[in-house]
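The file input.txt comes next; it holds compact mmCIF, C-alpha atoms and all ligand atoms.
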```txt
# COMPACT_ATOMS: atom_id res chain seq x y z
CA MET K 21 59.02 215.31 -12.38
CA LYS K 22 59.48 212.76 -15.09
CA ALA K 23 63.13 213.67 -15.51
CA TYR K 24 63.62 213.43 -11.78
CA SER K 25 62.17 209.98 -11.57
CA LYS K 26 64.39 208.85 -14.45
CA ASN K 27 67.45 210.09 -12.60
CA LYS K 28 66.27 208.46 -9.49
CA TYR K 29 65.89 205.02 -11.05
CA ALA K 30 68.81 205.10 -13.44
CA PRO K 31 71.51 204.19 -10.89
CA SER K 32 69.64 201.20 -9.58
CA ARG K 33 69.04 199.88 -13.09
CA PHE K 34 72.74 200.41 -13.81
CA THR K 35 73.62 198.48 -10.69
CA TYR K 36 71.28 195.72 -11.78
CA TYR K 37 73.04 195.46 -15.14
CA LEU K 38 76.40 195.45 -13.41
CA LEU K 39 75.29 192.62 -11.20
CA LEU K 40 73.89 190.73 -14.17
CA LEU K 41 77.13 191.22 -16.10
CA ALA K 42 79.14 190.14 -13.11
CA PHE K 43 76.95 187.07 -12.74
CA ILE K 44 77.18 186.12 -16.42
CA GLY K 45 80.86 186.80 -16.44
CA TYR K 46 81.47 184.85 -13.29
CA THR K 47 79.59 181.63 -13.90
CA PRO K 48 81.66 180.43 -16.87
CA VAL K 49 84.80 180.78 -14.76
CA PHE K 50 83.58 177.75 -12.84
CA ALA K 51 82.18 175.96 -15.86
CA ASN K 52 85.37 176.35 -17.87
CA ILE K 53 87.89 174.94 -15.39
CA PRO K 54 89.40 172.20 -17.53
CA PRO K 55 89.57 168.77 -15.89
CA LYS K 56 93.09 167.57 -15.06
CA PRO K 57 94.41 165.92 -18.22
CA PHE K 58 95.25 162.24 -18.25
CA VAL K 59 99.05 162.23 -18.33
CA VAL K 60 100.87 159.43 -20.14
CA VAL K 61 104.65 159.10 -19.89
CA ILE K 62 106.06 157.33 -22.94
CA ASP K 63 109.42 155.76 -22.28
CA ALA K 64 111.45 154.58 -25.28
CA GLY K 65 113.85 151.98 -23.89
CA HIS K 66 117.65 152.37 -24.11
CA GLY K 67 119.28 155.14 -26.19
CA GLY K 68 122.64 156.83 -26.73
CA LYS K 69 125.55 154.63 -25.62
CA ASP K 70 123.07 151.84 -24.78
CA PRO K 71 121.86 150.28 -28.06
CA GLY K 72 119.55 147.70 -26.46
CA ASN K 73 119.49 144.32 -28.16
CA ARG K 74 120.98 143.96 -31.66
CA GLY K 75 118.92 140.99 -32.92
CA ASN K 76 119.46 140.47 -36.67
CA GLY K 77 121.64 143.57 -36.65
CA TYR K 78 118.73 145.87 -35.80
CA TYR K 79 118.89 148.49 -33.04
CA GLU K 80 116.36 148.08 -30.23
CA LYS K 81 116.95 151.71 -29.17
CA LYS K 82 115.93 153.00 -32.62
CA ILE K 83 112.86 150.81 -33.00
CA ALA K 84 111.68 151.58 -29.45
CA LEU K 85 112.07 155.32 -30.10
CA ASN K 86 110.18 155.17 -33.42
CA ILE K 87 107.28 153.28 -31.84
CA ALA K 88 107.28 155.70 -28.88
CA LEU K 89 107.14 158.79 -31.13
CA GLU K 90 104.40 157.27 -33.30
CA LEU K 91 102.47 156.36 -30.17
CA GLY K 92 102.76 159.93 -28.92
CA LYS K 93 101.51 161.32 -32.24
CA ARG K 94 98.41 159.17 -32.05
CA LEU K 95 97.68 159.99 -28.40
CA ALA K 96 98.13 163.70 -29.13
CA ARG K 97 94.89 163.57 -31.14
CA GLU K 98 92.98 162.61 -27.97
CA LYS K 99 91.24 165.31 -25.99
CA ASN K 100 92.30 165.91 -22.40
CA LEU K 101 95.39 163.75 -22.67
CA LYS K 102 98.93 164.98 -22.10
CA ILE K 103 102.06 163.19 -23.31
CA ILE K 104 105.51 163.36 -21.83
CA TYR K 105 108.49 161.53 -23.32
CA THR K 106 111.47 160.35 -21.31
CA ARG K 107 113.51 160.80 -24.51
CA LYS K 108 112.67 162.05 -28.00
CA THR K 109 116.10 161.57 -29.52
CA ASP K 110 118.98 159.09 -29.41
CA VAL K 111 120.22 159.95 -25.92
CA PHE K 112 121.06 157.92 -22.84
CA VAL K 113 118.74 158.33 -19.83
CA ASP K 114 119.29 156.60 -16.45
CA LEU K 115 116.51 154.17 -15.51
CA ILE K 116 115.84 156.01 -12.27
CA GLU K 117 115.63 159.33 -14.12
CA ARG K 118 112.96 157.85 -16.42
CA ALA K 119 110.87 157.02 -13.34
CA ASN K 120 111.57 160.45 -11.86
CA ILE K 121 110.33 162.19 -15.01
CA ALA K 122 107.04 160.33 -14.61
CA ASN K 123 106.84 161.04 -10.88
CA ARG K 124 107.52 164.76 -11.32
CA ALA K 125 104.77 164.91 -13.94
CA ASP K 126 102.37 163.16 -11.55
CA ALA K 127 101.53 160.92 -14.50
CA ASP K 128 98.53 158.61 -14.70
CA LEU K 129 100.28 155.92 -16.70
CA PHE K 130 103.89 154.99 -17.47
CA VAL K 131 104.54 152.93 -20.61
CA SER K 132 108.04 151.65 -21.37
CA ILE K 133 108.64 150.36 -24.91
CA HIS K 134 111.15 147.61 -25.71
CA CYS K 135 111.96 144.73 -28.05
CA ASP K 136 112.94 141.28 -26.90
CA ALA K 137 115.75 138.95 -28.03
CA HIS K 138 116.36 135.22 -27.72
CA ASN K 139 118.78 132.65 -29.06
CA SER K 140 115.87 130.71 -30.60
CA GLN K 141 113.33 131.82 -33.21
CA ALA K 142 110.90 132.72 -30.37
CA TYR K 143 108.38 135.41 -31.30
CA GLY K 144 105.37 137.26 -29.94
CA ALA K 145 104.49 140.33 -27.89
CA GLY K 146 104.20 140.50 -24.12
CA THR K 147 103.51 143.16 -21.49
CA PHE K 148 105.00 143.23 -18.00
CA VAL K 149 104.06 144.74 -14.68
CA LEU K 150 106.38 144.86 -11.69
CA GLY K 151 106.59 141.79 -9.49
CA LEU K 152 108.66 138.76 -8.66
CA HIS K 153 109.97 136.83 -11.66
CA ALA K 154 107.76 133.75 -11.71
CA ASN K 155 110.26 131.79 -13.82
CA GLN K 156 113.73 131.83 -15.32
CA ARG K 157 112.56 133.26 -18.67
CA ASN K 158 110.93 136.28 -17.02
CA PHE K 159 114.07 136.80 -14.96
CA GLU K 160 116.21 136.71 -18.12
CA ILE K 161 114.07 139.41 -19.76
CA ALA K 162 114.22 141.65 -16.70
CA LYS K 163 117.96 140.99 -16.37
CA LYS K 164 118.58 142.14 -19.93
CA GLU K 165 116.53 145.30 -19.52
CA ASN K 166 118.02 146.02 -16.08
CA SER K 167 121.62 145.52 -17.21
CA VAL K 168 121.55 149.00 -18.77
CA ILE K 169 122.37 150.31 -15.29
CA PHE K 170 125.96 149.21 -15.99
CA PHE K 171 126.09 152.11 -18.46
CA GLU K 172 125.21 154.50 -15.64
CA ASP K 173 127.83 156.29 -13.57
CA ASN K 174 126.32 155.98 -10.09
CA TYR K 175 124.40 152.75 -10.34
CA GLU K 176 125.68 151.33 -7.02
CA GLU K 177 124.33 154.37 -5.21
CA ASN K 178 121.16 154.77 -7.22
CA TYR K 179 119.97 151.19 -6.93
CA ALA K 180 121.29 150.34 -3.46
CA GLY K 181 123.69 147.58 -4.46
CA PHE K 182 121.22 145.84 -6.78
CA ASP K 183 122.88 143.31 -9.08
CA PRO K 184 120.88 142.59 -12.26
CA ASN K 185 122.84 139.35 -12.84
CA ASN K 186 121.94 137.81 -9.50
CA PRO K 187 118.49 136.17 -9.39
CA GLU K 188 118.53 136.55 -5.61
CA SER K 189 119.05 140.28 -5.91
CA VAL K 190 115.34 140.51 -6.57
CA ILE K 191 113.24 143.60 -6.98
CA GLY K 192 110.00 142.88 -5.22
CA LEU K 193 106.93 144.99 -5.45
CA THR K 194 107.30 148.27 -3.68
CA LEU K 195 104.37 149.36 -1.61
CA MET K 196 103.56 152.06 -4.14
CA GLN K 197 103.54 149.71 -7.10
CA GLU K 198 101.43 147.24 -5.15
CA THR K 199 98.88 149.99 -4.68
CA TYR K 200 98.74 150.39 -8.46
CA LEU K 201 99.07 146.71 -9.37
CA ASP K 202 95.42 146.20 -10.36
CA GLN K 203 95.51 149.25 -12.61
CA SER K 204 98.87 148.26 -14.10
CA ILE K 205 97.49 144.84 -14.94
CA ALA K 206 94.36 146.41 -16.45
CA ALA K 207 96.51 148.62 -18.69
CA ALA K 208 98.74 145.67 -19.64
CA ASP K 209 95.66 143.55 -20.42
CA ALA K 210 94.28 146.27 -22.68
CA ILE K 211 97.59 146.40 -24.58
CA GLN K 212 97.80 142.61 -24.99
CA LYS K 213 94.18 142.48 -26.22
CA ARG K 214 94.94 145.02 -28.93
CA PHE K 215 98.13 143.21 -29.98
CA VAL K 216 96.23 139.97 -30.39
CA ARG K 217 92.88 141.23 -31.75
CA ASN K 218 94.09 144.04 -34.00
CA LEU K 219 97.48 142.77 -35.06
CA ASN K 220 97.28 139.03 -34.65
CA ARG K 221 100.55 138.97 -32.72
CA LYS K 222 101.39 135.84 -30.78
CA ASN K 223 100.16 136.45 -27.24
CA ARG K 224 102.96 136.16 -24.68
CA THR K 225 100.42 137.46 -22.12
CA VAL K 226 100.72 139.78 -19.15
CA LYS K 227 103.50 138.78 -16.77
CA GLN K 228 105.33 140.05 -13.71
CA ALA K 229 109.07 140.55 -13.40
CA GLY K 230 111.52 142.77 -11.56
CA PHE K 231 112.12 145.66 -13.93
CA ILE K 232 113.99 148.50 -12.24
CA VAL K 233 112.34 151.17 -14.36
CA LEU K 234 108.91 150.07 -13.06
CA LYS K 235 110.02 149.91 -9.45
CA TYR K 236 110.51 153.62 -8.94
CA THR K 237 107.33 155.00 -10.48
CA TYR K 238 104.38 156.07 -8.33
CA MET K 239 101.62 155.31 -10.83
CA PRO K 240 100.27 152.39 -12.87
CA SER K 241 103.23 151.26 -14.98
CA VAL K 242 103.82 148.71 -17.71
CA LEU K 243 106.73 147.57 -19.86
CA VAL K 244 105.91 146.37 -23.37
CA GLU K 245 108.10 143.85 -25.17
CA THR K 246 106.75 144.50 -28.66
CA GLY K 247 108.37 141.40 -30.17
CA PHE K 248 111.65 139.64 -30.91
CA LEU K 249 114.26 141.32 -33.08
CA THR K 250 116.07 137.96 -33.16
CA ASN K 251 113.13 136.37 -34.99
CA ARG K 252 113.54 136.70 -38.76
CA ASN K 253 109.96 137.74 -39.57
CA GLU K 254 109.16 139.64 -36.40
CA GLY K 255 112.49 141.46 -36.45
CA ALA K 256 111.86 142.65 -40.01
CA PHE K 257 108.29 143.64 -39.09
CA LEU K 258 109.38 145.68 -36.08
CA ASN K 259 112.18 147.32 -38.04
CA SER K 260 109.72 148.43 -40.77
CA LYS K 261 107.75 151.68 -40.78
CA LYS K 262 104.52 149.70 -41.11
CA GLY K 263 105.37 147.45 -38.17
CA GLN K 264 106.23 150.42 -35.97
CA ASN K 265 103.05 152.27 -36.95
CA ASP K 266 100.92 149.18 -36.34
CA MET K 267 102.40 148.59 -32.90
CA ALA K 268 102.00 152.28 -32.01
CA GLU K 269 98.38 152.24 -33.18
CA ALA K 270 97.58 149.16 -31.09
CA ILE K 271 99.20 150.59 -27.95
CA ALA K 272 97.46 153.95 -28.46
CA SER K 273 94.03 152.31 -28.79
CA ALA K 274 94.74 150.26 -25.69
CA ILE K 275 95.71 153.33 -23.66
CA ILE K 276 92.51 155.08 -24.72
CA ASP K 277 90.50 151.96 -23.81
CA TYR K 278 92.20 151.92 -20.42
CA LYS K 279 91.62 155.63 -19.85
CA ASN K 280 87.92 155.29 -20.72
CA THR K 281 87.38 152.28 -18.44
CA LEU K 282 89.10 154.19 -15.66
CA ALA K 283 86.85 157.23 -16.17
CA GLN K 284 83.80 154.95 -16.17
CA SER K 285 84.82 153.19 -12.97
CA VAL K 286 85.31 156.56 -11.26
CA VAL K 287 81.77 157.55 -12.29
CA ASP K 288 80.47 154.20 -10.99
CA ALA K 289 82.28 154.63 -7.69
CA VAL K 290 80.92 158.13 -7.20
CA GLN K 291 77.40 157.00 -7.98
CA THR K 292 77.44 153.92 -5.77
CA THR K 293 79.39 155.19 -2.76
CA PRO K 294 76.99 156.29 -0.07
CA ASN K 295 77.82 159.48 1.75
CA ALA K 296 80.73 158.55 3.97
CA ALA K 297 79.92 161.21 6.54
CA PRO K 298 78.16 160.12 9.68
CA LYS K 299 74.98 162.10 10.13
CA SER K 300 75.90 164.50 12.87
CA THR K 301 73.45 164.79 15.70
CA LEU K 302 73.32 167.38 18.43
CA SER K 303 74.85 165.11 21.07
CA THR K 304 77.92 164.13 18.97
CA ALA K 305 78.37 167.64 17.61
CA ALA K 306 78.94 168.81 21.17
CA VAL K 307 82.02 166.59 21.63
CA THR K 308 83.41 166.56 18.10
CA LYS K 309 87.13 165.92 17.99
CA LEU K 310 88.62 166.83 14.64
CA GLU K 311 92.02 165.58 13.50
CA PHE K 312 94.02 165.72 10.30
CA SER K 313 96.59 163.28 8.97
CA VAL K 314 98.54 162.49 5.80
CA GLN K 315 97.76 159.30 3.87
CA ILE K 316 101.01 158.01 2.38
CA ALA K 317 100.06 154.55 1.09
CA ALA K 318 97.46 151.83 0.78
CA SER K 319 98.21 148.17 0.47
CA GLN K 320 96.80 144.68 0.88
CA LYS K 321 99.94 143.83 2.81
CA SER K 322 100.49 144.63 6.47
CA VAL K 323 103.73 146.58 6.77
CA GLY K 324 105.53 147.32 10.04
CA LEU K 325 105.13 150.89 11.25
CA GLU K 326 108.83 151.36 12.09
CA SER K 327 110.35 154.43 10.47
CA PHE K 328 112.82 152.37 8.41
CA ASN K 329 109.86 150.98 6.46
CA TRP K 330 108.66 154.52 5.75
CA LYS K 331 111.70 156.36 4.41
CA GLY K 332 112.48 157.64 7.89
CA LEU K 333 108.99 159.00 8.67
CA LYS K 334 108.16 158.59 12.36
CA GLY K 335 104.63 158.37 13.70
CA VAL K 336 103.14 156.23 10.94
CA PHE K 337 99.91 154.45 11.86
CA ASN K 338 97.47 152.35 9.88
CA GLU K 339 93.83 151.47 9.62
CA LYS K 340 92.34 148.37 8.02
CA GLN K 341 89.26 148.80 5.90
CA GLY K 342 88.03 145.63 4.21
CA LYS K 343 91.14 144.03 2.73
CA ILE K 344 93.09 147.26 2.46
CA TYR K 345 95.48 148.77 4.96
CA ARG K 346 95.80 152.52 4.76
CA TYR K 347 98.96 154.09 6.13
CA TYR K 348 99.00 157.56 7.63
CA TYR K 349 101.77 159.84 8.78
CA GLY K 350 101.20 162.02 11.86
CA LYS K 351 98.04 163.34 13.46
CA THR K 352 97.23 166.92 14.36
CA PRO K 353 94.17 168.98 15.28
CA THR K 354 95.15 171.91 13.04
CA TYR K 355 94.90 172.10 9.28
CA GLU K 356 98.05 174.29 9.06
CA ASP K 357 100.10 171.71 10.91
CA ALA K 358 98.71 168.97 8.65
CA GLN K 359 99.89 170.89 5.59
CA ARG K 360 103.36 171.02 7.11
CA LEU K 361 103.25 167.22 7.63
CA LEU K 362 102.13 166.78 4.02
CA LYS K 363 105.16 168.74 2.81
CA ILE K 364 107.47 166.54 4.88
CA ALA K 365 105.86 163.34 3.54
CA LYS K 366 106.22 164.55 -0.05
CA SER K 367 109.83 165.59 0.46
CA LYS K 368 110.65 162.15 1.93
CA GLY K 369 109.49 160.44 -1.25
CA TYR K 370 105.71 160.16 -1.09
CA PRO K 371 104.74 162.59 -3.86
CA SER K 372 101.17 161.32 -4.08
CA ALA K 373 100.52 161.69 -0.34
CA PHE K 374 97.35 163.62 0.52
CA LEU K 375 95.50 165.03 3.54
CA VAL K 376 92.73 163.15 5.28
CA ALA K 377 90.51 164.05 8.22
CA PHE K 378 89.00 162.15 11.13
CA GLU K 379 86.02 163.10 13.26
CA ASN K 380 86.03 161.28 16.58
CA GLY K 381 88.40 158.75 15.02
CA LYS K 382 86.13 158.14 12.02
CA LYS K 383 87.29 159.14 8.56
CA ILE K 384 85.39 162.02 6.99
CA THR K 385 86.08 163.96 3.84
CA LEU K 386 88.44 166.90 3.98
CA GLU K 387 85.62 169.16 2.81
CA GLN K 388 83.43 168.16 5.72
CA ALA K 389 86.31 168.68 8.16
CA LEU K 390 87.05 172.17 6.86
CA ARG K 391 83.41 173.14 7.13
ZN ZN H 401 114.97 146.77 -23.92
```
I'd like the structure from this file rewritten - as structure tokens, please.
Amino acid sequence: MKAYSKNKYAPSRFTYYLLLLAFIGYTPVFANIPPKPFVVVIDAGHGGKDPGNRGNGYYEKKIALNIALELGKRLAREKNLKIIYTRKTDVFVDLIERANIANRADADLFVSIHCDAHNSQAYGAGTFVLGLHANQRNFEIAKKENSVIFFEDNYEENYAGFDPNNPESVIGLTLMQETYLDQSIAAADAIQKRFVRNLNRKNRTVKQAGFIVLKYTYMPSVLVETGFLTNRNEGAFLNSKKGQNDMAEAIASAIIDYKNTLAQSVVDAVQTTPNAAPKSTLSTAAVTKLEFSVQIAASQKSVGLESFNWKGLKGVFNEKQGKIYRYYYGKTPTYEDAQRLLKIAKSKGYPSAFLVAFENGKKITLEQALR
């Protein structure tokens, strides 16, 4: 009798252990999904056949690369941070390809490293974000950095007839960069703070100018002019191992500062945003109309909805929320169709496009829509 009862209960106990094992084994699968790393693209200016400026006989391309590699080494010590270089050796890379590398990596920050030059003994470090050149000096800096496209084989095609030497051939903000302007300025500010506080560099502040390399990225992007090779002292400093390490250290600390502030503001936003979903009641549930669309951009500027403004996409509409216009491509009641639209938007040049959902014309989260 005893033996029988043992046999009788053994399978269920075994099943219980199996379930327990499965449960223990299963939970950490969720817990261990690593968060998406913060991706930084480090772009050493110039390279190969393009030496950059030759102030005091130094090579901008070499100094920029040394600072870039040192910067990468320091950032590599950070947890949950991934580094991608546009070049790690003395090679020539098209400006547009530098931006493409960052776009393909879906990077969180693009940092281009350069050294300035002037026919005076001007000195100091400055950081740029994309925008209109506010004055002649900013235009001259952008012109010098942009003129590397003359080393490229297909520059007329790649940059749509842009002439770096003509102040009227201006690169304005693209819609994408405007979306990221606040973040670009925040990153640039962090870098300038470190230059001034940690290294006592002369502060040439955060400025805007039309740098091609910043125009084509779809993420917060800055261009750092670490100092003037043409200045006797600053040139020697930047050409020295110590100078390069110091600059790299300052930029690395600034990027980590920026990353941490960003993470904090995301936490704040999540904690302070009330549930966006309208409380569904029986009467509205009965007539719920669900639609999906693809968000392709957000901007403070109102942009015409014609397809030529949207890389040929037809059926773009917008919605104003506060000061921000959000731009959407297409509308469809089925999720499958929306995924097809998303693919089209990405292939047309909106790699950060994403799906959104509307319930009776009101925006809801995708999760709520799929439920
Ligand atoms: Zn340069």
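Based on all atoms listed in the file, the protein and nucleic acid residues found within 8 Å of ligand ZN 401 (chain H) are, by chain and then by number, Gly65, His66, Gly72, Asn73, Glu80, Lys81, Ile133, His134, Cys135, Asp136, Lys164, Glu165 and Glu245 of chain K.
Take the candidates K:Asp202, K:Asp110, K:Glu90, K:Asp63 and check each one against Asp266 (chain K) using only C-alpha atoms; the shortest distance goes to K:Glu90.
Of the residues listed (K:Phe130, K:Phe337, K:Tyr79, K:Tyr355), K:Phe130 shows the shortest atom-to-atom separation from Val242 (chain K); distances use all atoms listed in the file.
With all atoms listed in the file as the atoms that count, the residue of K:Gly381, K:Gly255, K:Gly335, K:Pro371 with the shortest distance to Phe312 (chain K) is K:Gly381.
Atom pair CA of Leu258 (chain K) / CA of Asn86 (chain K): separated by 9.9 Å.
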